[in-house]
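Listing of final_28.txt, compact mmCIF, C-alpha atoms
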# COMPACT_ATOMS: atom_id res chain seq x y z
CA MET A 1 7.49 23.38 -12.38
CA ASN A 2 6.21 19.85 -12.01
CA ARG A 3 7.24 17.17 -14.50
CA VAL A 4 3.89 15.36 -14.41
CA LEU A 5 1.18 17.98 -14.13
CA PRO A 6 0.23 20.48 -16.84
CA ALA A 7 0.89 24.10 -15.85
CA ASP A 8 -2.73 24.97 -14.99
CA ALA A 9 -3.15 21.81 -12.89
CA TRP A 10 0.10 22.56 -11.11
CA ASP A 11 -1.15 26.07 -10.27
CA ALA A 12 -4.39 24.58 -8.96
CA PHE A 13 -2.45 22.03 -6.90
CA ASP A 14 -0.19 24.71 -5.48
CA ASP A 15 -3.19 26.84 -4.56
CA PHE A 16 -4.99 23.89 -2.98
CA ARG A 17 -1.92 22.90 -1.00
CA THR A 18 -1.26 26.42 0.25
CA ARG A 19 -4.79 27.57 0.99
CA THR A 20 -6.53 24.39 2.08
CA LEU A 21 -4.22 21.50 2.95
CA SER A 22 -1.89 23.65 5.03
CA ARG A 23 -4.81 24.40 7.35
CA ILE A 24 -5.33 20.73 8.15
CA PRO A 25 -2.77 19.70 10.76
CA SER A 26 -2.92 15.92 10.48
CA ALA A 27 -1.91 13.88 7.44
CA LEU A 28 -4.76 11.43 7.98
CA GLU A 29 -7.29 14.27 8.11
CA ARG A 30 -5.82 15.70 4.91
CA LEU A 31 -6.21 12.33 3.26
CA ILE A 32 -9.81 11.91 4.33
CA TYR A 33 -10.63 15.45 3.27
CA ILE A 34 -9.20 15.00 -0.23
CA ALA A 35 -10.91 11.62 -0.59
CA SER A 36 -14.19 13.33 0.29
CA THR A 37 -13.83 15.56 -2.78
CA ARG A 38 -14.04 12.47 -5.02
CA ASP A 39 -17.39 11.41 -6.41
CA TYR A 40 -18.14 7.84 -5.30
CA ASN A 41 -19.77 6.92 -8.60
CA SER A 42 -17.61 8.56 -11.23
CA GLY A 43 -14.34 8.67 -9.31
CA MET A 44 -13.93 12.28 -10.43
CA TYR A 45 -12.62 14.90 -8.03
CA GLN A 46 -14.78 17.97 -7.56
CA HIS A 47 -13.97 21.17 -5.69
CA GLU A 48 -16.15 24.14 -6.53
CA GLY A 49 -13.77 26.86 -5.38
CA LEU A 50 -10.80 25.37 -7.16
CA ALA A 51 -12.78 24.66 -10.33
CA ALA A 52 -14.05 28.26 -10.40
CA ARG A 53 -10.49 29.56 -10.37
CA PHE A 54 -8.65 27.00 -12.48
CA GLY A 55 -11.28 25.08 -14.43
CA LEU A 56 -12.90 21.70 -13.88
CA GLU A 57 -10.24 19.56 -15.50
CA ALA A 58 -7.24 21.31 -13.97
CA SER A 59 -8.78 21.23 -10.50
CA ALA A 60 -9.67 17.53 -10.81
CA THR A 61 -6.13 16.69 -11.92
CA ALA A 62 -4.70 18.77 -9.08
CA LEU A 63 -6.89 17.01 -6.54
CA GLU A 64 -5.94 13.60 -7.87
CA TYR A 65 -2.29 14.53 -7.61
CA ALA A 66 -2.78 15.88 -4.08
CA HIS A 67 -4.61 12.69 -3.15
CA ARG A 68 -1.73 10.59 -4.42
CA GLU A 69 0.83 12.70 -2.52
CA VAL A 70 -1.00 12.61 0.80
CA PHE A 71 -1.88 8.95 0.45
CA GLN A 72 1.75 8.08 -0.13
CA GLU A 73 2.69 10.10 2.93
CA VAL A 74 0.16 8.27 5.12
CA SER A 75 0.74 4.80 3.69
CA VAL A 76 4.41 4.77 4.70
CA LEU A 77 3.81 6.04 8.23
CA SER A 78 5.00 3.68 10.93
CA LEU A 79 2.26 2.02 12.97
CA ARG A 80 3.16 4.23 15.91
CA ARG A 81 2.70 7.40 13.86
CA LEU A 82 -0.45 6.13 12.19
CA THR A 83 -1.96 5.25 15.56
CA GLU A 84 -1.16 8.77 16.78
CA GLU A 85 -2.74 10.25 13.65
CA LEU A 86 -5.82 8.11 14.13
CA GLN A 87 -6.03 9.14 17.77
CA LYS A 88 -5.89 12.81 16.74
CA TYR A 89 -8.59 12.25 14.15
CA LEU A 90 -10.74 10.40 16.67
CA ASP A 91 -10.35 13.24 19.18
CA SER A 92 -11.14 15.91 16.60
CA SER A 93 -14.24 14.02 15.45
CA ARG A 94 -15.76 14.59 18.91
CA GLU A 95 -17.48 11.24 18.68
CA GLN A 96 -17.52 8.79 21.54
CA PRO A 97 -14.33 6.74 21.11
CA ALA A 98 -16.13 3.41 21.41
CA ALA A 99 -18.74 4.43 18.83
CA PHE A 100 -16.07 5.74 16.49
CA LEU A 101 -14.05 2.54 16.75
CA ASN A 102 -17.13 0.37 16.27
CA THR A 103 -18.04 2.21 13.09
CA TRP A 104 -14.55 2.25 11.66
CA GLN A 105 -13.89 -1.39 12.45
CA LYS A 106 -17.20 -2.61 11.07
CA LEU A 107 -17.75 -0.37 8.04
CA GLU A 108 -14.08 0.29 7.25
CA PRO A 109 -14.82 3.76 5.78
CA TYR A 110 -11.08 4.39 5.42
CA ARG A 111 -11.12 2.17 2.34
CA VAL A 112 -12.57 5.06 0.33
CA ALA A 113 -9.43 7.05 1.12
CA VAL A 114 -7.44 4.86 -1.27
CA PRO A 115 -6.82 6.55 -4.64
CA LEU A 116 -8.25 4.80 -7.65
CA ARG A 117 -4.92 4.03 -9.28
CA ALA A 118 -2.97 3.26 -6.13
CA ASP A 119 -0.39 0.51 -6.21
CA PRO A 120 -2.24 -2.57 -4.85
CA THR A 121 0.51 -3.46 -2.37
CA ILE A 122 0.57 0.06 -0.93
CA ALA A 123 -3.23 0.15 -0.80
CA GLU A 124 -3.27 -3.15 1.09
CA LEU A 125 -0.55 -1.96 3.44
CA PHE A 126 -2.56 1.18 4.21
CA VAL A 127 -5.79 -0.75 4.88
CA SER A 128 -3.94 -3.30 6.99
CA ASN A 129 -2.13 -0.64 9.01
CA VAL A 130 -5.35 1.26 9.74
CA ARG A 131 -6.98 -2.00 10.79
CA ILE A 132 -4.13 -2.70 13.21
CA ALA A 133 -4.04 0.90 14.47
CA LEU A 134 -7.77 0.72 15.21
CA SER A 135 -7.18 -2.45 17.20
CA VAL A 136 -4.42 -0.71 19.14
CA LEU A 137 -6.80 2.13 20.01
CA ARG A 138 -9.46 -0.40 20.94
CA HIS A 139 -6.94 -2.15 23.17
CA ARG A 140 -6.16 1.15 24.89
CA LEU A 141 -9.80 2.12 25.23
CA PRO A 142 -10.40 0.99 28.82
CA GLU A 143 -7.55 3.24 29.95
CA ARG A 144 -9.14 6.19 28.16
CA THR A 145 -12.65 6.06 29.61
CA ASP A 146 -11.95 9.21 31.62
CA HIS A 147 -10.78 11.09 28.55
CA PRO A 148 -12.32 14.59 28.41
CA GLN A 149 -13.57 13.99 24.87
CA GLY A 150 -15.81 11.23 26.16
CA ALA A 151 -17.64 13.70 28.40
CA LEU A 152 -18.50 16.18 25.66
CA PRO A 153 -22.15 16.66 24.75
CA PRO A 154 -23.23 15.43 21.32
CA PRO A 155 -21.87 17.85 18.70
CA SER A 156 -24.13 19.95 16.55
CA PRO A 157 -24.03 19.01 12.86
CA ASP A 158 -21.71 21.87 11.95
CA GLN A 159 -19.20 20.79 14.60
CA ARG A 160 -18.92 17.25 13.43
CA SER A 161 -16.24 17.76 10.86
CA PRO A 162 -12.94 19.30 11.91
CA LEU A 163 -12.11 19.80 8.28
CA PRO A 164 -12.37 23.13 6.46
CA PHE A 165 -15.33 23.72 4.21
CA ARG A 166 -14.79 23.47 0.51
CA SER A 167 -14.56 26.99 -0.84
CA MET B 1 1.79 -43.74 14.68
CA ASP B 2 3.62 -43.74 11.36
CA TYR B 3 0.32 -43.57 9.56
CA LEU B 4 -0.64 -40.51 11.59
CA LEU B 5 2.64 -38.75 10.86
CA ILE B 6 2.41 -39.45 7.14
CA SER B 7 -1.19 -38.26 7.05
CA THR B 8 -0.26 -35.05 8.87
CA ALA B 9 2.66 -34.41 6.53
CA VAL B 10 0.53 -35.00 3.43
CA ALA B 11 -2.22 -32.76 4.81
CA GLY B 12 0.35 -30.06 5.55
CA ILE B 13 1.81 -30.22 2.05
CA VAL B 14 -1.64 -30.11 0.46
CA PHE B 15 -2.57 -27.14 2.65
CA CYS B 16 0.61 -25.26 1.72
CA LEU B 17 0.12 -26.01 -1.97
CA ALA B 18 -3.49 -24.85 -1.83
CA PHE B 19 -2.44 -21.64 -0.13
CA PHE B 20 0.31 -20.86 -2.63
CA LEU B 21 -1.92 -21.68 -5.60
CA ARG B 22 -4.66 -19.46 -4.25
CA SER B 23 -2.23 -16.65 -3.60
CA LYS B 24 -0.77 -17.07 -7.09
CA ARG B 25 -4.20 -17.02 -8.72
CA GLU B 26 -5.18 -13.84 -6.87
CA ALA B 27 -1.94 -12.16 -7.92
CA LEU B 28 -2.50 -13.28 -11.51
CA GLU B 29 -6.06 -11.96 -11.58
CA GLU B 30 -5.20 -8.57 -10.17
CA ASN B 31 -2.07 -8.19 -12.28
CA GLN B 32 -3.82 -8.78 -15.58
CA GLY B 33 -4.14 -5.03 -15.96
CA ILE B 34 -0.44 -4.40 -15.45
CA GLY B 35 1.39 -3.07 -18.44
CA THR B 36 -1.39 -0.72 -19.45
CA SER B 37 0.22 2.29 -17.80
CA ASP B 38 -0.46 5.58 -19.51
CA GLY B 39 2.57 7.20 -17.89
CA GLY B 40 2.25 10.29 -15.72
CA LEU B 41 0.73 9.49 -12.33
CA ASP B 42 0.94 5.73 -12.96
CA ASP B 43 4.71 6.00 -13.21
CA LEU B 44 4.80 7.90 -9.93
CA TRP B 45 2.89 5.07 -8.27
CA ARG B 46 5.42 2.55 -9.55
CA GLU B 47 8.29 4.63 -8.19
CA HIS B 48 6.62 4.64 -4.79
CA ALA B 49 5.89 0.91 -4.74
CA ALA B 50 9.34 0.09 -3.32
CA SER B 51 8.44 1.86 -0.09
CA ALA B 52 5.82 -0.81 0.57
CA LEU B 53 8.66 -3.24 1.17
CA SER B 54 9.93 -1.19 4.12
CA GLY B 55 6.48 -1.10 5.65
CA ILE B 56 5.70 -4.79 5.27
CA PHE B 57 9.04 -6.01 6.62
CA SER B 58 9.35 -3.27 9.25
CA SER B 59 10.81 -4.31 12.61
CA GLU B 60 9.88 -0.93 14.11
CA ASP B 61 6.19 -1.75 13.74
CA ARG B 62 6.74 -5.11 15.38
CA GLN B 63 8.43 -3.47 18.36
CA PHE B 64 5.53 -1.06 18.68
CA ILE B 65 3.00 -3.89 18.71
CA LEU B 66 5.01 -5.96 21.19
CA ALA B 67 5.12 -2.92 23.48
CA GLN B 68 1.31 -2.98 23.64
CA ALA B 69 1.59 -6.30 25.54
CA SER B 70 -1.49 -7.82 23.96
CA VAL B 71 -1.60 -11.36 22.64
CA GLN B 72 -4.52 -10.54 20.35
CA LEU B 73 -2.78 -7.49 18.87
CA THR B 74 0.41 -9.43 18.31
CA ALA B 75 -1.51 -12.24 16.61
CA LEU B 76 -3.40 -9.76 14.42
CA PHE B 77 -0.18 -7.99 13.48
CA ARG B 78 1.61 -11.22 12.59
CA ARG B 79 -1.33 -12.47 10.56
CA GLU B 80 -1.67 -9.20 8.64
CA ARG B 81 2.04 -8.84 7.95
CA LYS B 82 2.40 -12.45 6.84
CA ARG B 83 -0.52 -12.06 4.44
CA LEU B 84 0.87 -8.80 3.04
CA ALA B 85 4.37 -10.24 2.65
CA LEU B 86 3.14 -13.31 0.78
CA ARG B 87 1.02 -11.14 -1.51
CA TRP B 88 3.99 -8.86 -2.15
CA ILE B 89 6.16 -11.87 -3.04
CA GLU B 90 3.52 -13.19 -5.46
CA ARG B 91 3.28 -9.80 -7.15
CA GLN B 92 7.05 -9.62 -7.48
CA LYS B 93 7.13 -13.10 -8.99
CA PHE B 94 4.42 -12.11 -11.43
CA ALA B 95 6.27 -8.91 -12.33
CA SER B 96 9.52 -10.81 -12.95
CA ALA B 97 7.73 -13.36 -15.14
CA ALA B 98 6.12 -10.53 -17.11
CA VAL B 99 9.50 -8.89 -17.70
CA MET B 100 10.95 -12.16 -18.97
CA ARG B 101 7.94 -12.73 -21.20
CA ARG B 102 8.35 -9.28 -22.74
CA HIS B 103 12.06 -9.88 -23.16
CA ARG B 104 11.40 -13.18 -24.97
CA GLU B 105 8.97 -11.47 -27.33
CA GLU B 106 11.42 -8.66 -28.04
CA THR B 107 14.37 -10.96 -28.67
CA ARG B 108 12.52 -13.61 -30.69
CA SER B 109 13.25 -11.89 -33.97
CA ALA B 110 16.51 -10.24 -32.96
CA ALA B 111 19.38 -10.87 -35.35
CA ASP B 112 22.13 -9.76 -32.99
CA LEU B 113 21.28 -12.03 -30.08
CA ARG B 114 24.17 -12.42 -27.65
CA PRO B 115 24.11 -15.90 -26.12
CA SER B 116 26.34 -14.94 -23.19
CA SER B 117 24.00 -12.12 -22.16
CA GLU B 118 20.97 -14.34 -22.56
CA LEU B 119 22.57 -17.07 -20.48
CA LEU B 120 23.49 -14.58 -17.78
CA LEU B 121 19.93 -13.28 -17.78
CA PHE B 122 18.55 -16.80 -17.53
CA PHE B 123 20.69 -17.56 -14.48
CA ARG B 124 19.81 -14.24 -12.85
CA TYR B 125 16.14 -14.94 -13.39
CA GLY B 126 16.53 -18.43 -11.92
CA LYS B 127 18.31 -16.98 -8.92
CA LEU B 128 15.56 -14.39 -8.47
CA ARG B 129 12.83 -17.04 -8.57
CA LEU B 130 14.74 -19.11 -6.06
CA MET B 131 15.08 -16.08 -3.77
CA PHE B 132 11.36 -15.46 -3.95
CA GLU B 133 10.58 -19.11 -3.20
CA VAL B 134 12.95 -19.13 -0.21
CA LEU B 135 11.44 -15.85 0.94
CA ALA B 136 7.90 -17.20 0.60
CA VAL B 137 8.64 -20.35 2.59
CA SER B 138 10.49 -18.34 5.26
CA VAL B 139 7.62 -15.88 5.58
CA TRP B 140 5.18 -18.74 5.70
CA LEU B 141 7.12 -20.42 8.49
CA VAL B 142 8.35 -17.55 10.66
CA GLY B 143 6.71 -14.37 9.35
CA PRO B 144 8.36 -11.44 7.57
CA GLU B 145 10.32 -10.22 10.60
CA GLY B 146 14.03 -10.32 9.99
CA LEU B 147 13.65 -10.96 6.26
CA ARG B 148 13.85 -7.36 5.11
CA GLY B 149 17.41 -7.79 3.82
CA LEU B 150 16.54 -10.75 1.62
CA ALA B 151 13.37 -9.03 0.37
CA ALA B 152 15.33 -5.89 -0.49
CA ARG B 153 17.95 -7.96 -2.36
CA ALA B 154 15.30 -9.79 -4.36
CA HIS B 155 13.58 -6.50 -5.14
CA ALA B 156 16.89 -4.99 -6.31
CA VAL B 157 17.54 -7.98 -8.61
CA LEU B 158 14.06 -7.58 -10.07
CA ARG B 159 14.66 -3.86 -10.70
CA GLY B 160 17.88 -4.85 -12.46
CA ILE B 161 16.06 -7.30 -14.69
CA GLU B 162 13.39 -4.70 -15.43
CA ASN B 163 16.12 -2.41 -16.73
CA ILE B 164 16.50 -4.82 -19.63
CA ARG B 165 13.40 -3.27 -21.13
CA ALA B 166 14.94 0.15 -20.92
CA LEU B 167 18.19 -1.19 -22.31
CA GLY B 168 16.42 -2.30 -25.45
CA GLY B 169 16.31 -6.08 -25.35
CA SER B 170 19.28 -7.99 -26.73
CA LYS B 171 21.05 -5.08 -28.40
CA ARG B 172 22.83 -4.04 -25.22
CA SER B 173 24.56 -6.04 -22.59
CA VAL B 174 22.54 -7.22 -19.60
CA SER B 175 23.62 -5.61 -16.36
CA PHE B 176 22.32 -5.82 -12.81

For this file, write the structure as structure tokens.
Amino acid sequence: MNRVLPADAWDAFDDFRTRTLSRIPSALERLIYIASTRDYNSGMYQHEGLAARFGLEASATALEYAHREVFQEVSVLSLRRLTEELQKYLDSSREQPAAFLNTWQKLEPYRVAVPLRADPTIAELFVSNVRIALSVLRHRLPERTDHPQGALPPPSPDQRSPLPFRS
Amino acid sequence: MDYLLISTAVAGIVFCLAFFLRSKREALEENQGIGTSDGGLDDLWREHAASALSGIFSSEDRQFILAQASVQLTALFRRERKRLALRWIERQKFASAAVMRRHREETRSAADLRPSSELLLFFRYGKLRLMFEVLAVSVWLVGPEGLRGLAARAHAVLRGIENIRALGGSKRSVSF
């Protein structure tokens, strides 16, 4: 039993971890997936499948807890590991590497992956590390122009996300 | 020549002062909400905050960047880490000041105040502030590389001072 979560939220978290998160191989992808379940305006986490089984409040609490866990995991990754994770995410996105890096470096979409109540130092470390990791990938880009991913045709809309659908 | 040197030194001091004041103000503004924790997940965040120290002062990351053999990457890395380290130091200084402020409030009306404990606490706090100032100047001059030990020691002293709150103000002895 968890010392922080109520029993129903813990059950929802356990279910989410077992049935959804375990299917996502990369920690960075897990983080981005969980962050995508959060409403940009209200900051509330929403997952229809989980809410149907455990209730709205329990599922939201479970998702917030999962977000915190995965974010902590990613935020303490070494730059080497984070760069590898980012490379995996870039490859699985099936976007052109240059286009992906342009978008991520200009718009900084990874900022929305930071939990609302994250410790400010850890949040800054995460943002800074992603920024540096993106620059490392950019630096390596000329060597990767013959990468097979770069030759793929544009993906259809349903292929764009490597992440599982919300159930 | 002398005039030029003096002007450069004055400009340097003013620049450093402006930087530290700006950094301090930012830390103050963002830390105004500290102390409003509602327990639960907030406490878990606080427990995890120490791991940020390892990341900011990591030599492994520096080795990785140096291995990329890029001047731009190295410069970016150094700039980012220096900024993070200075922000971390400012937050730690703010946290230590907040602990002392709370302690003063709690002991103001205490009847069983122990002067020896209070004196010890005062000296520990002074030592902590000095450590943070030395750390800040060192980071400013050479970057956070190689300063992990000092940062960890300062952080440990701060955790010790924070325990005062849990110890219940002046009623128990102060330990670090």

Atom pair CA of Leu63 (chain A) / CA of Thr103 (chain A): separation (Å): 27.0 Å

Give me, please, the distance in Å between CA of Ala154 (chain B) and CA of Phe71 (chain A), quoted to one decimal. 25.9 Å

Can you sort out the box for region 46-53 of chain A, edges along x, y and z, all listed atoms in, 5 Å on every side, with centre and edge lengths in Å to one decimal, as JSON?
{"center_x": -13.3, "center_y": 23.8, "center_z": -7.9, "size_x": 15.7, "size_y": 21.6, "size_z": 15.0}

Pull out every residue of chain A that has at least one atom within 12 Å of chain B, counting all atoms listed in the file, and report them as a PyMOL selection string. chain A and resi 2-6+61-62+64-69+71-83+115-140

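If you look at CA of Ala98 (chain B) and CA of Asp112 (chain B), they are 22.6 Å away from each other.
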
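In terms of minimum interatomic distance to Ala27 (chain A), A:Glu85 ranks closest within A:Met44, A:Glu95, A:Trp10, A:Glu85, counting only C-alpha atoms.
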